[in-house]
Amino acid sequence: MKKLIMISGTMGAGKTSVCIELQKFLPENVFLDGDWCWKAEPFVVNDETKEMVMKNIAFLLAQFLSCSAYQNVIFCWVMDHQEIIDELVARVEEQTEEPFEVHGFTLTLTPEALKERIGKDIESGLRKSDAVNRSVERLTLYETVETEKIDVSTISAGKAAEKISAAVCPGKAFF
């Protein structure tokens with residue numbers, strides 16, 4: 001059965017890096033980063049843009065799941081409320097007749113590890129200085145999201161990807 005692997009976590013947790021590594025472990029896969037569907041300047045968050053992004057993401061995920069070339073669809077985004085995940089899955093189910101399993105994971109980390117990671121991003125010009133506080137403040141939101149938690153405070157993206165692949169396909173060795 002096809003699999004939709006949803007990876008969440010606060011900004012700076014390493015979602016994109018983990019998904020890129022996960023592609024090395026899972027056969028017949030495609031990867032969509034939710035941020036790619038909302039990379040706008042100016043970045044505007046309102047009801048209209050939120051609805052547009054949800055529609056775009058659901059459409060792309062449904063298309064990937066409907067395509068015979070892919071068995072594993074990897075998706076990451078900042079999904080800090082269970083309602084976001086539930087709504088996306090419901091929208092995808094409406095758009096495809098292809099049966100699929102949903103596997104949800106949240107990358108967690110300590111505030112100290114998060115500050116260090118985002119600090120490096122700020123130094124290299126990838127993020128603005130306000131990103132640290134905004135991201136740390138959101139850490140607790142992920143505690144109530146109904147996903148498997150993976151603490152990435154002290155492990156590499158590759159190691160996190162190994163854990164996810166083992167959970168998604170138990171008993172299979174892809175590495």
# chains A, B, ... in the order shown; residues from 1 in each chain; ligands from 1

call {"tool": "residues_around", "arguments": {"residues": "Leu4 in chain A", "least_positions_apart": "4", "cutoff": "9 Å", "atoms": "only C-alpha atoms", "output": "list in words"}}
result
Leu61, Leu65, Gln71, Asn72, Val73, Ile74, Phe75, Phe100, Glu101, Val102, His103 and Gly104 of chain A

call {"tool": "residues_around", "arguments": {"residues": "range 142-154 of chain A", "least_positions_apart": "3", "cutoff": "9 Å", "atoms": "only C-alpha atoms", "output": "PyMOL selection string"}}
result
chain A and resi 6-10+13-14+79-83+85+103-114+138-139+157+159-160+163-164

call {"tool": "select_by_dssp", "arguments": {"residues": "chain A", "states": "strand (DSSP E or B)", "output": "ChimeraX atom specification"}}
result
/A:2-9,29-33,72-76,100-108,148-151

call {"tool": "write_last_selection", "arguments": {"atoms": "N, CA, C and O atoms", "output": "compact mmCIF listing (two decimals), in the first residue's frame"}}
result
# COMPACT_ATOMS: atom_id res chain seq x y z
N LYS A 2 0.43 2.26 -0.68
CA LYS A 2 1.19 3.52 -0.73
C LYS A 2 1.24 4.15 0.64
O LYS A 2 0.36 3.94 1.47
N LYS A 3 2.29 4.95 0.84
CA LYS A 3 2.49 5.58 2.15
C LYS A 3 2.68 7.08 1.98
O LYS A 3 3.43 7.52 1.12
N LEU A 4 1.99 7.84 2.82
CA LEU A 4 2.20 9.27 2.94
C LEU A 4 2.92 9.48 4.26
O LEU A 4 2.38 9.19 5.33
N ILE A 5 4.16 9.92 4.18
CA ILE A 5 5.00 10.13 5.36
C ILE A 5 5.03 11.63 5.63
O ILE A 5 5.58 12.39 4.83
N MET A 6 4.42 12.04 6.73
CA MET A 6 4.30 13.45 7.07
C MET A 6 5.28 13.76 8.20
O MET A 6 5.21 13.14 9.26
N ILE A 7 6.17 14.72 7.95
CA ILE A 7 7.20 15.06 8.93
C ILE A 7 7.02 16.52 9.33
O ILE A 7 7.05 17.41 8.49
N SER A 8 6.85 16.69 10.62
CA SER A 8 6.59 18.02 11.16
C SER A 8 7.67 18.39 12.16
O SER A 8 8.49 17.56 12.55
N GLY A 9 7.65 19.62 12.56
CA GLY A 9 8.59 20.12 13.55
C GLY A 9 8.70 21.62 13.40
O GLY A 9 8.35 22.19 12.36
N ASN A 29 10.15 6.95 -4.25
CA ASN A 29 9.63 8.03 -3.43
C ASN A 29 9.67 9.37 -4.14
O ASN A 29 10.39 9.55 -5.13
N VAL A 30 8.91 10.28 -3.62
CA VAL A 30 8.91 11.67 -4.06
C VAL A 30 8.79 12.52 -2.79
O VAL A 30 8.19 12.10 -1.81
N PHE A 31 9.39 13.69 -2.82
CA PHE A 31 9.45 14.55 -1.64
C PHE A 31 8.86 15.92 -1.97
O PHE A 31 9.22 16.53 -2.96
N LEU A 32 7.94 16.37 -1.12
CA LEU A 32 7.37 17.70 -1.22
C LEU A 32 7.57 18.43 0.10
O LEU A 32 7.17 17.93 1.15
N ASP A 33 8.18 19.58 0.04
CA ASP A 33 8.33 20.45 1.21
C ASP A 33 7.21 21.48 1.14
O ASP A 33 7.10 22.21 0.15
N ASN A 72 6.03 5.84 -2.02
CA ASN A 72 6.25 6.59 -0.79
C ASN A 72 6.27 8.07 -1.11
O ASN A 72 7.09 8.53 -1.90
N VAL A 73 5.35 8.80 -0.48
CA VAL A 73 5.28 10.25 -0.66
C VAL A 73 5.72 10.88 0.66
O VAL A 73 5.08 10.68 1.70
N ILE A 74 6.81 11.61 0.60
CA ILE A 74 7.40 12.24 1.78
C ILE A 74 7.00 13.71 1.76
O ILE A 74 7.19 14.40 0.76
N PHE A 75 6.45 14.19 2.88
CA PHE A 75 6.00 15.57 2.96
C PHE A 75 6.44 16.17 4.29
O PHE A 75 6.28 15.55 5.34
N CYS A 76 7.00 17.36 4.24
CA CYS A 76 7.32 18.04 5.49
C CYS A 76 6.79 19.46 5.47
O CYS A 76 6.70 20.10 4.41
N PHE A 100 -4.05 4.74 0.83
CA PHE A 100 -2.72 5.03 1.34
C PHE A 100 -2.73 5.03 2.86
O PHE A 100 -3.76 5.27 3.48
N GLU A 101 -1.57 4.71 3.41
CA GLU A 101 -1.35 4.78 4.86
C GLU A 101 -0.72 6.13 5.18
O GLU A 101 0.07 6.64 4.39
N VAL A 102 -1.05 6.66 6.34
CA VAL A 102 -0.43 7.91 6.80
C VAL A 102 0.49 7.57 7.96
O VAL A 102 0.09 6.90 8.91
N HIS A 103 1.73 8.04 7.86
CA HIS A 103 2.72 7.88 8.93
C HIS A 103 3.17 9.27 9.33
O HIS A 103 3.75 9.99 8.50
N GLY A 104 2.91 9.66 10.57
CA GLY A 104 3.26 11.00 11.03
C GLY A 104 4.41 10.99 12.01
O GLY A 104 4.46 10.16 12.93
N PHE A 105 5.33 11.91 11.81
CA PHE A 105 6.50 12.06 12.68
C PHE A 105 6.69 13.53 13.00
O PHE A 105 6.47 14.39 12.14
N THR A 106 7.13 13.79 14.21
CA THR A 106 7.49 15.15 14.61
C THR A 106 8.94 15.14 15.08
O THR A 106 9.31 14.33 15.93
N LEU A 107 9.73 16.03 14.51
CA LEU A 107 11.11 16.20 14.95
C LEU A 107 11.10 17.14 16.15
O LEU A 107 10.65 18.27 16.05
N THR A 108 11.57 16.63 17.28
CA THR A 108 11.63 17.43 18.50
C THR A 108 13.10 17.68 18.84
O THR A 108 13.99 16.96 18.37
N GLU A 148 4.53 10.25 15.87
CA GLU A 148 5.67 9.66 16.58
C GLU A 148 6.74 10.75 16.72
O GLU A 148 7.09 11.40 15.74
N LYS A 149 7.25 10.92 17.92
CA LYS A 149 8.24 11.97 18.17
C LYS A 149 9.65 11.39 18.03
O LYS A 149 9.94 10.30 18.52
N ILE A 150 10.50 12.14 17.35
CA ILE A 150 11.90 11.75 17.19
C ILE A 150 12.75 12.92 17.67
O ILE A 150 12.70 14.01 17.08
N ASP A 151 13.50 12.71 18.74
CA ASP A 151 14.35 13.76 19.28
C ASP A 151 15.62 13.85 18.43
O ASP A 151 16.41 12.91 18.37

call {"tool": "closest_residue", "arguments": {"among": "A:Gln23, A:Asn46, A:Ser68, A:Asn56", "to": "Ser165 in chain A", "atoms": "only C-alpha atoms"}}
result
A:Gln23

call {"tool": "decode", "arguments": {"residues": "range 99-115 of chain A", "atoms": "N, CA, C and O atoms", "output": "compact mmCIF listing (two decimals), in the first residue's frame"}}
result
# COMPACT_ATOMS: atom_id res chain seq x y z
N PRO A 99 -5.75 4.04 -2.25
CA PRO A 99 -5.62 3.87 -0.80
C PRO A 99 -4.18 4.16 -0.35
O PRO A 99 -3.22 3.88 -1.08
N PHE A 100 -4.05 4.74 0.83
CA PHE A 100 -2.72 5.03 1.34
C PHE A 100 -2.73 5.03 2.86
O PHE A 100 -3.76 5.27 3.48
N GLU A 101 -1.57 4.71 3.41
CA GLU A 101 -1.35 4.78 4.86
C GLU A 101 -0.72 6.13 5.18
O GLU A 101 0.07 6.64 4.39
N VAL A 102 -1.05 6.66 6.34
CA VAL A 102 -0.43 7.91 6.80
C VAL A 102 0.49 7.57 7.96
O VAL A 102 0.09 6.90 8.91
N HIS A 103 1.73 8.04 7.86
CA HIS A 103 2.72 7.88 8.93
C HIS A 103 3.17 9.27 9.33
O HIS A 103 3.75 9.99 8.50
N GLY A 104 2.91 9.66 10.57
CA GLY A 104 3.26 11.00 11.03
C GLY A 104 4.41 10.99 12.01
O GLY A 104 4.46 10.16 12.93
N PHE A 105 5.33 11.91 11.81
CA PHE A 105 6.50 12.06 12.68
C PHE A 105 6.69 13.53 13.00
O PHE A 105 6.47 14.39 12.14
N THR A 106 7.13 13.79 14.21
CA THR A 106 7.49 15.15 14.61
C THR A 106 8.94 15.14 15.08
O THR A 106 9.31 14.33 15.93
N LEU A 107 9.73 16.03 14.51
CA LEU A 107 11.11 16.20 14.95
C LEU A 107 11.10 17.14 16.15
O LEU A 107 10.65 18.27 16.05
N THR A 108 11.57 16.63 17.28
CA THR A 108 11.63 17.43 18.50
C THR A 108 13.10 17.68 18.84
O THR A 108 13.99 16.96 18.37
N LEU A 109 13.33 18.68 19.63
CA LEU A 109 14.68 18.95 20.11
C LEU A 109 14.61 19.89 21.29
O LEU A 109 13.58 20.53 21.54
N THR A 110 15.71 19.95 22.02
CA THR A 110 15.76 20.84 23.18
C THR A 110 15.85 22.29 22.70
O THR A 110 16.33 22.56 21.59
N PRO A 111 15.41 23.22 23.55
CA PRO A 111 15.55 24.64 23.18
C PRO A 111 17.00 25.02 22.89
O PRO A 111 17.26 25.80 21.97
N GLU A 112 17.93 24.43 23.63
CA GLU A 112 19.34 24.75 23.42
C GLU A 112 19.83 24.29 22.04
O GLU A 112 20.52 25.03 21.34
N ALA A 113 19.45 23.07 21.67
CA ALA A 113 19.84 22.55 20.36
C ALA A 113 19.20 23.37 19.25
O ALA A 113 19.84 23.66 18.23
N LEU A 114 17.95 23.77 19.45
CA LEU A 114 17.26 24.58 18.44
C LEU A 114 17.92 25.95 18.29
O LEU A 114 18.15 26.42 17.17
N LYS A 115 18.27 26.56 19.41
CA LYS A 115 18.94 27.87 19.36
C LYS A 115 20.27 27.77 18.61
O LYS A 115 20.62 28.65 17.83
